[in-house]
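Shown next: work00.txt, given as compact mmCIF, C-alpha atoms.
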```
# COMPACT_ATOMS: atom_id res chain seq x y z
CA MET K 118 86.36 74.94 105.59
CA LEU K 119 86.42 78.24 107.45
CA PRO K 120 83.13 79.69 108.68
CA THR K 121 81.78 82.68 106.79
CA VAL K 122 80.86 86.05 108.19
CA GLU K 123 77.23 85.00 108.24
CA GLU K 124 77.89 81.59 109.78
CA VAL K 125 80.30 82.30 112.62
CA GLY K 126 78.38 84.34 115.20
CA HIS K 127 77.16 81.79 117.69
CA SER K 128 76.50 78.79 115.53
CA THR K 129 79.08 76.93 117.64
CA PRO K 130 77.75 76.60 121.18
CA LEU K 131 80.23 77.77 123.79
CA PRO K 132 80.35 76.01 127.18
CA ASP K 133 79.36 79.13 129.11
CA PRO K 134 80.17 82.26 127.19
CA MET K 135 80.08 84.42 130.32
CA CYS K 136 82.52 82.30 132.32
CA PRO K 137 86.23 82.95 131.69
CA GLU K 138 88.53 80.00 131.15
CA GLY K 139 91.95 80.04 132.79
CA TYR K 140 95.05 80.69 130.69
CA ARG K 141 98.76 80.91 131.41
CA VAL K 142 100.84 83.65 129.78
CA GLU K 143 103.42 81.83 127.70
CA SER K 144 105.30 84.86 126.38
CA VAL K 145 105.12 88.63 126.12
CA SER K 146 107.07 90.33 123.35
CA ARG K 147 107.44 94.02 122.63
CA GLU K 148 106.33 95.10 119.14
CA THR K 149 106.69 98.89 119.51
CA HIS K 150 107.09 101.40 122.34
CA ASP K 151 103.46 100.85 123.42
CA THR K 152 102.35 97.62 121.77
CA PHE K 153 103.01 94.07 122.94
CA THR K 154 102.12 90.58 121.77
CA LEU K 155 100.99 88.02 124.35
CA ALA K 156 100.76 84.29 123.76
CA LEU K 157 98.40 82.35 126.04
CA GLN K 158 97.95 78.64 126.66
CA PRO K 159 94.97 76.98 128.36
CA LEU K 160 95.63 75.97 131.96
CA ASN K 161 96.06 72.32 132.89
CA GLY K 162 96.31 71.12 129.33
CA ALA K 163 92.70 72.02 128.55
CA ALA K 164 91.73 72.08 124.89
CA SER K 165 92.02 75.43 123.17
CA PRO K 166 88.76 76.67 121.69
CA GLY K 167 90.33 77.45 118.29
CA PHE K 168 89.32 80.50 116.32
CA ALA K 169 88.67 81.86 112.86
CA PRO K 170 90.71 84.84 111.53
CA GLY K 171 89.03 88.09 112.56
CA GLN K 172 87.50 86.86 115.83
CA PHE K 173 88.22 88.35 119.24
CA SER K 174 88.35 87.23 122.86
CA MET K 175 87.42 88.95 126.09
CA LEU K 176 90.67 88.94 128.07
CA TYR K 177 90.31 89.22 131.81
CA VAL K 178 93.06 90.58 134.05
CA PHE K 179 91.91 89.47 137.49
CA GLY K 180 91.05 92.42 139.69
CA VAL K 181 91.45 94.93 136.88
CA GLY K 182 88.91 94.27 134.19
CA GLU K 183 87.99 92.65 130.92
CA LEU K 184 88.92 93.82 127.42
CA PRO K 185 87.94 92.79 123.91
CA ILE K 186 91.13 91.93 122.02
CA SER K 187 91.41 90.55 118.49
CA ILE K 188 93.31 87.34 117.98
CA SER K 189 96.46 88.01 115.99
CA GLY K 190 98.03 84.54 115.82
CA ASP K 191 98.06 81.66 113.41
CA PRO K 192 94.65 79.96 113.11
CA GLU K 193 96.37 76.68 112.36
CA GLN K 194 98.19 76.74 115.69
CA PRO K 195 95.06 77.07 117.82
CA SER K 196 96.58 75.71 121.01
CA ARG K 197 98.44 78.98 121.38
CA LEU K 198 96.19 82.05 121.42
CA VAL K 199 98.09 85.19 120.42
CA TYR K 200 96.97 88.77 121.00
CA THR K 201 98.61 92.07 120.08
CA VAL K 202 97.68 94.78 122.55
CA ARG K 203 98.37 98.49 122.53
CA SER K 204 98.67 100.02 125.96
CA VAL K 205 96.41 103.06 126.03
CA GLY K 206 94.96 103.01 129.54
CA PRO K 207 95.07 101.26 132.92
CA ALA K 208 93.41 98.01 131.76
CA THR K 209 95.54 97.56 128.63
CA GLN K 210 98.62 98.55 130.66
CA ALA K 211 97.77 95.81 133.16
CA LEU K 212 97.35 93.37 130.28
CA VAL K 213 100.71 94.11 128.65
CA SER K 214 102.42 94.04 132.06
CA ARG K 215 101.64 90.31 132.49
CA GLN K 216 104.71 88.14 132.83
CA PRO K 217 105.30 84.65 131.46
CA GLY K 218 103.72 82.18 133.87
CA ASP K 219 101.03 84.62 135.07
CA TRP K 220 97.43 83.48 134.98
CA MET K 221 94.58 85.30 133.37
CA GLY K 222 91.09 84.64 132.07
CA ALA K 223 89.68 84.62 128.57
CA ARG K 224 86.22 84.20 127.11
CA GLY K 225 85.46 83.44 123.51
CA PRO K 226 86.46 83.55 120.77
CA PHE K 227 83.54 85.68 119.65
CA GLY K 228 82.25 87.33 116.54
CA THR K 229 82.42 86.96 112.79
CA ALA K 230 85.47 86.14 110.68
CA TRP K 231 87.11 87.39 107.50
CA PRO K 232 85.39 85.63 104.57
CA LEU K 233 88.37 83.58 103.44
CA ASP K 234 86.24 81.06 101.60
CA ALA K 235 84.52 83.77 99.56
CA ALA K 236 87.97 85.16 98.76
CA ARG K 237 89.15 81.95 97.06
CA GLY K 238 90.13 82.50 93.44
CA LYS K 239 90.40 86.25 93.93
CA ASP K 240 93.02 88.89 94.56
CA VAL K 241 92.93 89.66 98.26
CA LEU K 242 93.62 93.28 99.13
CA ILE K 243 94.36 93.87 102.79
CA VAL K 244 94.36 97.46 104.01
CA ALA K 245 95.45 98.00 107.60
CA GLY K 246 96.12 101.04 109.70
CA GLY K 247 98.00 101.07 113.01
CA ILE K 248 97.06 98.18 115.27
CA GLY K 249 94.42 97.23 112.69
CA LEU K 250 97.02 94.91 111.21
CA ALA K 251 96.66 92.60 114.24
CA PRO K 252 93.16 91.20 113.43
CA LEU K 253 94.22 90.82 109.80
CA ARG K 254 97.39 88.86 110.51
CA PRO K 255 95.57 85.52 111.00
CA ALA K 256 93.95 86.01 107.57
CA ILE K 257 97.38 86.71 106.04
CA TYR K 258 98.77 83.56 107.68
CA HIS K 259 95.88 81.56 106.29
CA ILE K 260 96.30 82.92 102.75
CA LEU K 261 100.06 82.33 102.75
CA ARG K 262 99.52 78.79 103.99
CA HIS K 263 96.91 78.10 101.30
CA ARG K 264 98.56 80.15 98.58
CA ASP K 265 97.10 78.24 95.63
CA ASP K 266 93.56 79.06 96.73
CA TYR K 267 94.05 82.78 96.14
CA VAL K 268 95.47 84.87 93.30
CA ARG K 269 97.40 87.96 94.38
CA LEU K 270 97.84 89.00 97.99
CA ILE K 271 98.28 92.75 98.41
CA VAL K 272 98.93 94.22 101.85
CA LEU K 273 98.78 98.00 102.31
CA TYR K 274 99.82 99.04 105.78
CA GLY K 275 100.00 102.51 107.28
CA ALA K 276 101.27 103.47 110.72
CA ARG K 277 101.86 106.70 112.56
CA SER K 278 105.67 106.61 112.42
CA PRO K 279 108.44 104.14 111.57
CA GLY K 280 108.61 103.13 115.25
CA ASP K 281 104.90 102.26 115.23
CA LEU K 282 105.07 99.71 112.40
CA LEU K 283 104.00 96.30 113.70
CA TYR K 284 105.50 92.96 112.66
CA ARG K 285 108.26 94.58 110.59
CA LYS K 286 110.21 91.37 109.97
CA GLU K 287 107.06 89.53 108.96
CA LEU K 288 106.01 92.33 106.61
CA ALA K 289 109.36 92.02 104.84
CA ALA K 290 109.04 88.22 104.70
CA TRP K 291 105.47 88.38 103.36
CA GLY K 292 106.65 90.77 100.64
CA ARG K 293 109.11 88.14 99.42
CA SER K 294 106.35 85.54 98.94
CA PRO K 295 105.19 84.78 95.39
CA ASP K 296 102.42 86.98 93.99
CA THR K 297 102.47 89.05 97.15
CA GLN K 298 102.89 92.79 97.29
CA VAL K 299 103.42 94.51 100.63
CA LEU K 300 103.52 98.29 100.72
CA THR K 301 104.01 100.23 103.92
CA THR K 302 103.89 103.90 104.72
CA VAL K 303 103.97 106.17 107.75
CA ASP K 304 102.18 109.44 108.42
CA TYR K 305 105.27 111.03 109.94
CA GLY K 306 108.78 110.00 108.96
CA GLY K 307 112.01 111.61 110.04
CA VAL K 308 114.74 112.65 107.61
CA ASN K 309 116.57 109.36 108.21
CA TRP K 310 113.57 107.22 107.28
CA ARG K 311 114.05 105.80 103.78
CA GLY K 312 110.56 104.34 103.42
CA ARG K 313 107.37 106.01 102.27
CA VAL K 314 105.73 108.97 104.01
CA GLY K 315 102.02 109.59 103.43
CA VAL K 316 98.69 108.21 104.56
CA VAL K 317 97.70 104.64 103.70
CA THR K 318 95.40 105.74 100.87
CA THR K 319 98.41 107.14 98.96
CA LEU K 320 99.59 103.54 98.50
CA PHE K 321 96.72 102.91 96.10
CA ARG K 322 98.66 104.95 93.51
CA HIS K 323 101.09 102.05 93.22
CA LEU K 324 98.46 99.39 92.56
CA ARG K 325 96.82 98.04 89.49
CA LEU K 326 93.62 96.46 90.79
CA HIS K 327 91.20 94.24 88.92
CA PRO K 328 88.06 95.47 90.70
CA ASP K 329 85.83 92.56 89.67
CA LYS K 330 88.37 90.00 90.90
CA THR K 331 89.33 91.73 94.12
CA ILE K 332 88.07 91.27 97.64
CA ALA K 333 89.19 93.83 100.24
CA PHE K 334 89.62 93.36 104.00
CA VAL K 335 90.03 96.64 105.85
CA CYS K 336 90.84 97.32 109.50
CA GLY K 337 92.01 100.47 111.23
CA PRO K 338 90.65 103.65 112.79
CA GLU K 339 87.14 104.31 111.48
CA ILE K 340 88.09 107.57 109.76
CA MET K 341 90.89 105.81 107.93
CA MET K 342 88.47 103.07 106.85
CA ARG K 343 86.07 105.69 105.46
CA TYR K 344 88.85 107.18 103.34
CA VAL K 345 89.87 103.69 102.18
CA ILE K 346 86.27 102.92 101.20
CA THR K 347 86.10 106.12 99.17
CA GLU K 348 89.26 105.05 97.37
CA LEU K 349 88.00 101.51 96.78
CA GLN K 350 84.52 102.48 95.69
CA GLU K 351 84.81 105.78 93.91
CA ASN K 352 88.29 105.61 92.43
CA ARG K 353 88.90 101.88 92.01
CA GLY K 354 85.43 100.47 91.36
CA VAL K 355 85.59 97.59 93.86
CA PRO K 356 81.94 96.55 94.49
CA ALA K 357 80.54 97.27 97.98
CA GLY K 358 79.76 93.58 98.36
CA ASP K 359 83.44 92.71 98.10
CA VAL K 360 84.63 95.09 100.80
CA TYR K 361 84.77 93.87 104.43
CA LEU K 362 85.52 95.95 107.50
CA SER K 363 86.38 95.05 111.06
CA MET K 364 84.63 97.41 113.42
CA GLU K 365 85.54 98.34 116.96
CA ARG K 366 83.20 99.40 119.76
CA ASN K 367 83.06 99.01 123.50
CA MET K 368 82.32 95.29 123.69
CA LYS K 369 81.40 93.99 127.15
CA CYS K 370 79.44 90.72 127.16
CA GLY K 371 80.64 89.54 123.73
CA ILE K 372 77.36 87.79 122.95
CA GLY K 373 74.91 90.58 122.15
CA PHE K 374 73.12 90.76 125.53
CA CYS K 375 74.36 93.94 127.14
CA GLY K 376 74.03 96.37 124.25
CA HIS K 377 77.25 98.27 124.93
CA CYS K 378 78.51 97.78 121.39
CA GLN K 379 75.25 98.53 119.59
CA TYR K 380 75.84 100.14 116.22
CA GLY K 381 72.58 101.03 114.49
CA PRO K 382 70.70 97.73 114.19
CA TYR K 383 73.80 95.64 114.96
CA PHE K 384 75.80 94.48 117.91
CA ILE K 385 79.45 94.64 116.94
CA CYS K 386 80.33 91.70 119.21
CA LYS K 387 77.72 89.37 117.74
CA ASP K 388 76.99 90.60 114.21
CA GLY K 389 80.61 91.71 113.71
CA PRO K 390 83.33 92.67 114.21
CA VAL K 391 83.77 91.74 110.52
CA PHE K 392 81.00 93.19 108.36
CA ARG K 393 80.38 93.32 104.68
CA TYR K 394 80.55 97.05 103.87
CA GLN K 395 77.10 96.90 102.24
CA ARG K 396 75.53 96.27 105.66
CA LEU K 397 77.18 99.29 107.22
CA ARG K 398 76.87 101.72 104.35
CA GLY K 399 73.98 103.65 105.88
CA TRP K 400 75.60 103.81 109.30
CA LEU K 401 79.27 104.48 108.78
CA GLY K 402 80.06 108.12 109.49
CA LYS K 403 76.67 108.79 111.09
CA HIS K 404 76.98 111.23 113.94
CA GLU K 405 76.62 109.99 117.52
CA LEU K 406 76.69 106.31 116.66
CA MET D 172 117.82 106.93 69.99
CA GLU D 173 114.68 106.18 72.02
CA THR D 174 112.26 109.10 72.06
CA LEU D 175 110.33 110.05 75.17
CA GLU D 176 106.98 109.72 73.41
CA PRO D 177 106.33 106.06 74.38
CA ILE D 178 107.30 106.80 77.99
CA LEU D 179 104.87 109.70 78.18
CA ALA D 180 102.17 107.74 76.36
CA LYS D 181 102.42 104.86 78.86
CA HIS D 182 102.28 107.07 81.94
CA ALA D 183 98.90 107.09 83.70
CA PHE D 184 99.02 110.88 83.98
CA PHE D 185 98.75 111.26 80.19
CA GLU D 186 96.25 108.44 79.65
CA GLY D 187 93.72 109.42 77.00
CA LEU D 188 95.60 112.57 75.94
CA ASP D 189 95.33 113.45 72.26
CA ALA D 190 98.35 112.12 70.31
CA ALA D 191 99.04 115.57 68.86
CA TYR D 192 99.32 117.02 72.37
CA LEU D 193 101.59 114.18 73.39
CA LYS D 194 103.96 115.01 70.53
CA LEU D 195 103.89 118.62 71.59
CA LEU D 196 104.74 117.67 75.18
CA VAL D 197 107.67 115.55 74.03
CA GLY D 198 109.17 118.76 72.66
CA CYS D 199 109.30 120.11 76.24
CA ALA D 200 110.58 116.87 77.83
CA SER D 201 114.01 115.58 78.76
CA ASN D 202 115.42 112.60 80.67
CA VAL D 203 116.97 113.45 84.02
CA ARG D 204 118.73 111.55 86.85
CA PHE D 205 119.35 112.62 90.41
CA PRO D 206 121.68 110.86 92.86
CA ALA D 207 120.54 109.97 96.39
CA GLY D 208 121.02 112.86 98.79
CA SER D 209 120.78 115.57 96.13
CA TYR D 210 117.98 118.12 95.90
CA ILE D 211 115.83 118.38 92.78
CA PHE D 212 114.61 121.78 93.92
CA ARG D 213 114.48 123.87 97.02
CA GLN D 214 111.74 125.96 98.58
CA GLY D 215 111.57 129.48 97.11
CA GLU D 216 113.41 128.67 93.89
CA GLU D 217 111.75 129.31 90.58
CA ALA D 218 109.48 126.38 89.64
CA SER D 219 110.39 125.80 86.04
CA HIS D 220 109.66 122.07 85.60
CA PHE D 221 107.56 119.17 86.68
CA TYR D 222 108.68 115.56 86.75
CA LEU D 223 107.23 112.20 85.76
CA MET D 224 109.07 109.93 88.12
CA ARG D 225 110.20 106.64 86.62
CA GLN D 226 112.26 105.15 89.42
CA GLY D 227 113.49 106.12 92.86
CA ARG D 228 112.06 107.99 95.81
CA VAL D 229 111.87 111.71 96.59
CA ALA D 230 110.93 113.30 99.93
CA LEU D 231 109.05 116.58 99.92
CA GLU D 232 110.19 118.35 103.02
CA ILE D 233 110.06 121.68 104.68
CA TYR D 234 112.96 123.34 106.41
CA ALA D 235 112.49 124.25 110.05
CA PRO D 236 115.14 126.14 112.00
CA HIS D 237 116.75 124.40 115.00
CA ARG D 238 115.25 121.02 114.15
CA PRO D 239 115.52 118.47 111.35
CA SER D 240 113.53 119.14 108.19
CA ILE D 241 109.98 117.78 108.25
CA VAL D 242 109.11 115.23 105.59
CA VAL D 243 105.58 115.93 104.39
CA GLU D 244 105.31 113.20 101.80
CA THR D 245 107.39 110.89 99.65
CA LEU D 246 106.88 110.25 95.96
CA ASP D 247 107.91 107.09 94.10
CA GLY D 248 108.09 105.65 90.62
CA ASP D 249 105.17 106.74 88.38
CA ASP D 250 104.30 109.68 90.63
CA ILE D 251 104.14 113.26 89.43
CA LEU D 252 106.46 115.66 91.20
CA GLY D 253 105.65 119.37 91.22
CA TRP D 254 102.78 121.61 90.25
CA SER D 255 104.15 125.02 91.28
CA TRP D 256 105.27 125.59 87.68
CA LEU D 257 101.58 125.97 86.81
CA ILE D 258 100.46 128.43 89.45
CA PRO D 259 101.84 131.95 89.99
CA PRO D 260 104.24 133.01 91.41
CA TYR D 261 105.88 129.80 90.07
CA ARG D 262 108.00 129.16 93.16
CA TRP D 263 108.58 125.81 94.88
CA ARG D 264 106.85 125.45 98.25
CA PHE D 265 108.98 122.55 99.50
CA ASP D 266 112.43 121.06 99.18
CA ALA D 267 112.57 117.89 97.07
CA ARG D 268 115.31 115.66 98.48
CA VAL D 269 116.28 112.48 96.65
CA VAL D 270 115.99 109.53 99.06
CA GLU D 271 116.81 106.88 96.47
CA ALA D 272 118.55 107.55 93.14
CA THR D 273 115.82 108.83 90.86
CA ARG D 274 115.19 108.73 87.13
CA ALA D 275 112.50 110.98 85.74
CA VAL D 276 111.24 112.80 82.70
CA ALA D 277 111.41 116.55 83.28
CA LEU D 278 108.85 118.70 81.49
CA ASP D 279 109.76 122.31 80.95
CA GLY D 280 107.06 124.35 82.65
CA LYS D 281 107.88 127.64 80.96
CA CYS D 282 107.66 125.97 77.56
CA LEU D 283 104.36 124.33 78.57
CA ARG D 284 102.85 127.53 79.97
CA ALA D 285 103.50 129.23 76.65
CA LYS D 286 101.88 126.35 74.76
CA CYS D 287 98.87 126.39 77.12
CA GLU D 288 98.42 130.12 76.53
CA GLU D 289 98.41 129.50 72.78
CA ASP D 290 96.06 126.50 72.99
CA HIS D 291 93.51 126.65 75.79
CA ASP D 292 92.28 123.12 75.07
CA LEU D 293 95.73 121.84 75.97
CA GLY D 294 95.73 124.14 78.99
CA TYR D 295 92.37 122.76 80.14
CA GLU D 296 93.53 119.15 79.67
CA LEU D 297 96.64 119.72 81.76
CA LEU D 298 94.80 121.72 84.39
CA LYS D 299 92.19 118.94 84.82
CA ARG D 300 94.94 116.38 85.34
CA PHE D 301 96.83 118.52 87.81
CA ALA D 302 93.62 119.44 89.64
CA HIS D 303 93.06 115.72 90.22
CA ILE D 304 96.53 115.32 91.72
CA VAL D 305 96.19 118.46 93.84
CA THR D 306 92.83 117.22 95.19
CA GLU D 307 94.23 113.77 95.99
CA ARG D 308 97.13 115.27 97.87
CA LEU D 309 94.90 117.75 99.71
CA GLN D 310 92.68 114.88 100.89
CA ALA D 311 95.73 112.88 101.94
CA THR D 312 97.10 115.88 103.85
CA ARG D 313 93.77 116.29 105.66
CA LEU D 314 93.80 112.64 106.70
CA GLN D 315 97.42 113.04 107.80
CA LEU D 316 96.46 116.06 109.93
CA LEU D 317 93.79 113.99 111.71
CA ASP D 318 96.57 111.87 113.21
CA VAL D 319 94.19 108.91 113.28
CA TYR D 320 96.62 106.45 114.87
CA ALA D 321 97.32 108.62 117.89
CA SER D 322 95.84 107.62 121.22
CA HIS D 323 92.93 109.98 121.78
CA GLY D 324 91.82 108.31 125.00
```

This entry written out as structure tokens:
Amino acid sequence: MLPTVEEVGHSTPLPDPMCPEGYRVESVSRETHDTFTLALQPLNGAASPGFAPGQFSMLYVFGVGELPISISGDPEQPSRLVYTVRSVGPATQALVSRQPGDWMGARGPFGTAWPLDAARGKDVLIVAGGIGLAPLRPAIYHILRHRDDYVRLIVLYGARSPGDLLYRKELAAWGRSPDTQVLTTVDYGGVNWRGRVGVVTTLFRHLRLHPDKTIAFVCGPEIMMRYVITELQENRGVPAGDVYLSMERNMKCGIGFCGHCQYGPYFICKDGPVFRYQRLRGWLGKHEL
Amino acid sequence: METLEPILAKHAFFEGLDAAYLKLLVGCASNVRFPAGSYIFRQGEEASHFYLMRQGRVALEIYAPHRPSIVVETLDGDDILGWSWLIPPYRWRFDARVVEATRAVALDGKCLRAKCEEDHDLGYELLKRFAHIVTERLQATRLQLLDVYASHG
């Protein structure tokens, strides 16, 4: 049974959460012009810590720095930790420049997980924007692997442009699975693009949701998530208790000591990154948080 | 021959509309098809219809000199295409290019405007429904302008 949002946190004692373990880069594959997927394996045949979908690790490029990165791989292949990283600055650039065989450090996994047990018997609506699909991919893998436990799987995915769509082959494959609907859109599409153009919220027009039987997992830029919540709550009637968000802040220690990722009364690294929307309702969109 | 009444009645846009109004709208409706690559309308032309899309995909785009046209939005099956027929000066603001062969029900805007002038209750019903679509698309355009996936670092 997968741990719930409330249970994960630090119920499982970690050997020393501040001490990175050694990993070898197994592969680096390009997803888009600026986004890469790295697969890591523990050094010297050490046991992999395993993870629950939605959790993150602190990845350490020696001599450069440490970064919080969500795990984007298959939770049932825990010996291989997979991360999708967008290069946006010197540290992420150093991370995506690793070569197979290179060593690096990792701490974790940390944080709360998508509530896949609570989602059993329901329609699961996944709404992702940009690289926000990466932390949701393990949940999609889990649902597809345990298909009878869930009713419909709906994936709405928005990206900036056709060239920014992650996991394009997998999206197409997921869409061919039974009772699975995958809709993608881009904010900016050229005249040769034959897919949809429009923000991710426009995809809701093509859905018939059963609000009382739906659980929603949302991850993307915070503004996008606020628009998605408006759509879910005000236009679609999905209860606040059935909407979960993955939040992003400047995580440093990963265990709620340093305070860098404080968000109102919460530490994103310890109390999140996955939150039930109800808990964040008073904080989301608040200035200077 | 199949009438358009059941098609209009089933469409979410007309949900809850009085049956008498639906019959009246059928009088202004016709089935249309557009092949891929054709244009349903072009910017500046008289806006005389709106469309209940049934199948296919249409790109709303704006012409820009010395560069490819800019696609603002695409519309798919069950979407409503066009509201310029309702608002003076009744001219299209974008080009509507057919990306995938499209089937739709066209509603004659001139015919509808006349009926709305005669019956303000009908006019109010239609205006409320179009106001909802206009608001949705305005919000979507605002989110699009924010360019939320760009790197702002």

Please tell me which residues are no farther than 9 Å from (113.3, 104.2, 87.4) in the file, counting only C-alpha atoms, and write them as a PyMOL selection string. chain D and resi 224-227+248-249+272-275

What lies within 7 Å of Cys378 in chain K using only C-alpha atoms, ignoring chain neighbours under 6 positions off, as a JSON list (two decimals) with C-alpha atoms, in the coordinates of the input?
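Output (around-v4.json):
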```json
[["chain", "number", "residue", "atom", "x", "y", "z"],
["K", 366, "ARG", "CA", 83.20, 99.40, 119.76],
["K", 367, "ASN", "CA", 83.06, 99.01, 123.50],
["K", 368, "MET", "CA", 82.32, 95.29, 123.69],
["K", 384, "PHE", "CA", 75.80, 94.48, 117.91],
["K", 385, "ILE", "CA", 79.45, 94.64, 116.94],
["K", 386, "CYS", "CA", 80.33, 91.70, 119.21]]
```

Tell me, in Å to one decimal, how far CA of Thr297 in chain K is from CA of Ile332 in chain K.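 These atoms are spaced 14.6 Å apart.
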
Tell me, as a ChimeraX atom specification, which residues lie within 10 Å of Pro260 in chain D, counting all atoms listed in the file; anything in the same chain fewer than 2 positions away does not count. /D:215,217-218,255-258,262-263

So that all listed atoms of range 311-323 of chain D fit with 8 Å spare on each side, what axis-aligned box centre and edge lengths in Å, to one decimal, would you give as JSON?
```
{"center_x": 95.2, "center_y": 111.4, "center_z": 111.9, "size_x": 20.5, "size_y": 25.8, "size_z": 35.8}
```

Specify as a PyMOL selection string all residues of chain K found within 9 Å of chain D, counting all atoms listed in the file. chain K and resi 205-206+246-248+276-277+304-308+310-319+322-323+337-341+344

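Distances to Val197 in chain D were evaluated for D:Cys287, D:Ala277, D:Ala183, D:Ile233 using all atoms listed in the file, and the minimum falls at D:Ala277.
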
Fewer than 2 positions away in the same chain doesn't count, so skip those; otherwise give me all residues within 8 Å of range 186-188 of chain K, counting only C-alpha atoms, as a list in words.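 The residues that qualify are Pro170, Gly171, Gln172, Phe173, Ser174, Met175, Leu176, Leu184, Gly190, Leu198, Val199, Tyr200, Thr201, Val202, Ala251, Pro252 and Pro255 of chain K.
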
Skip His327 in chain K itself and residues of its chain fewer than 5 positions away, then list as a PyMOL selection string all residues within 10 Å of it, counting only C-alpha atoms. chain K and resi 239-240+332+353-355

Atoms to include: C-alpha atoms. Write the selected residues as a compact mmCIF listing (two decimals), in the coordinates of the input.
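Wrote selection-v1.txt, looks like this:
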```
# COMPACT_ATOMS: atom_id res chain seq x y z
CA LYS K 239 90.40 86.25 93.93
CA ASP K 240 93.02 88.89 94.56
CA ILE K 332 88.07 91.27 97.64
CA ARG K 353 88.90 101.88 92.01
CA GLY K 354 85.43 100.47 91.36
CA VAL K 355 85.59 97.59 93.86
```

In Å, with one decimal, what is the gap from CA of Trp291 in chain K to CA of Glu143 in chain K?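 Interatomic distance, CA of Trp291 in chain K to CA of Glu143 in chain K: 25.3 Å.
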
Go ahead and compute the interatomic distance for CA of Cys336 in chain K and CA of Thr302 in chain K, in Å to one decimal.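 These atoms are spaced 15.4 Å apart.
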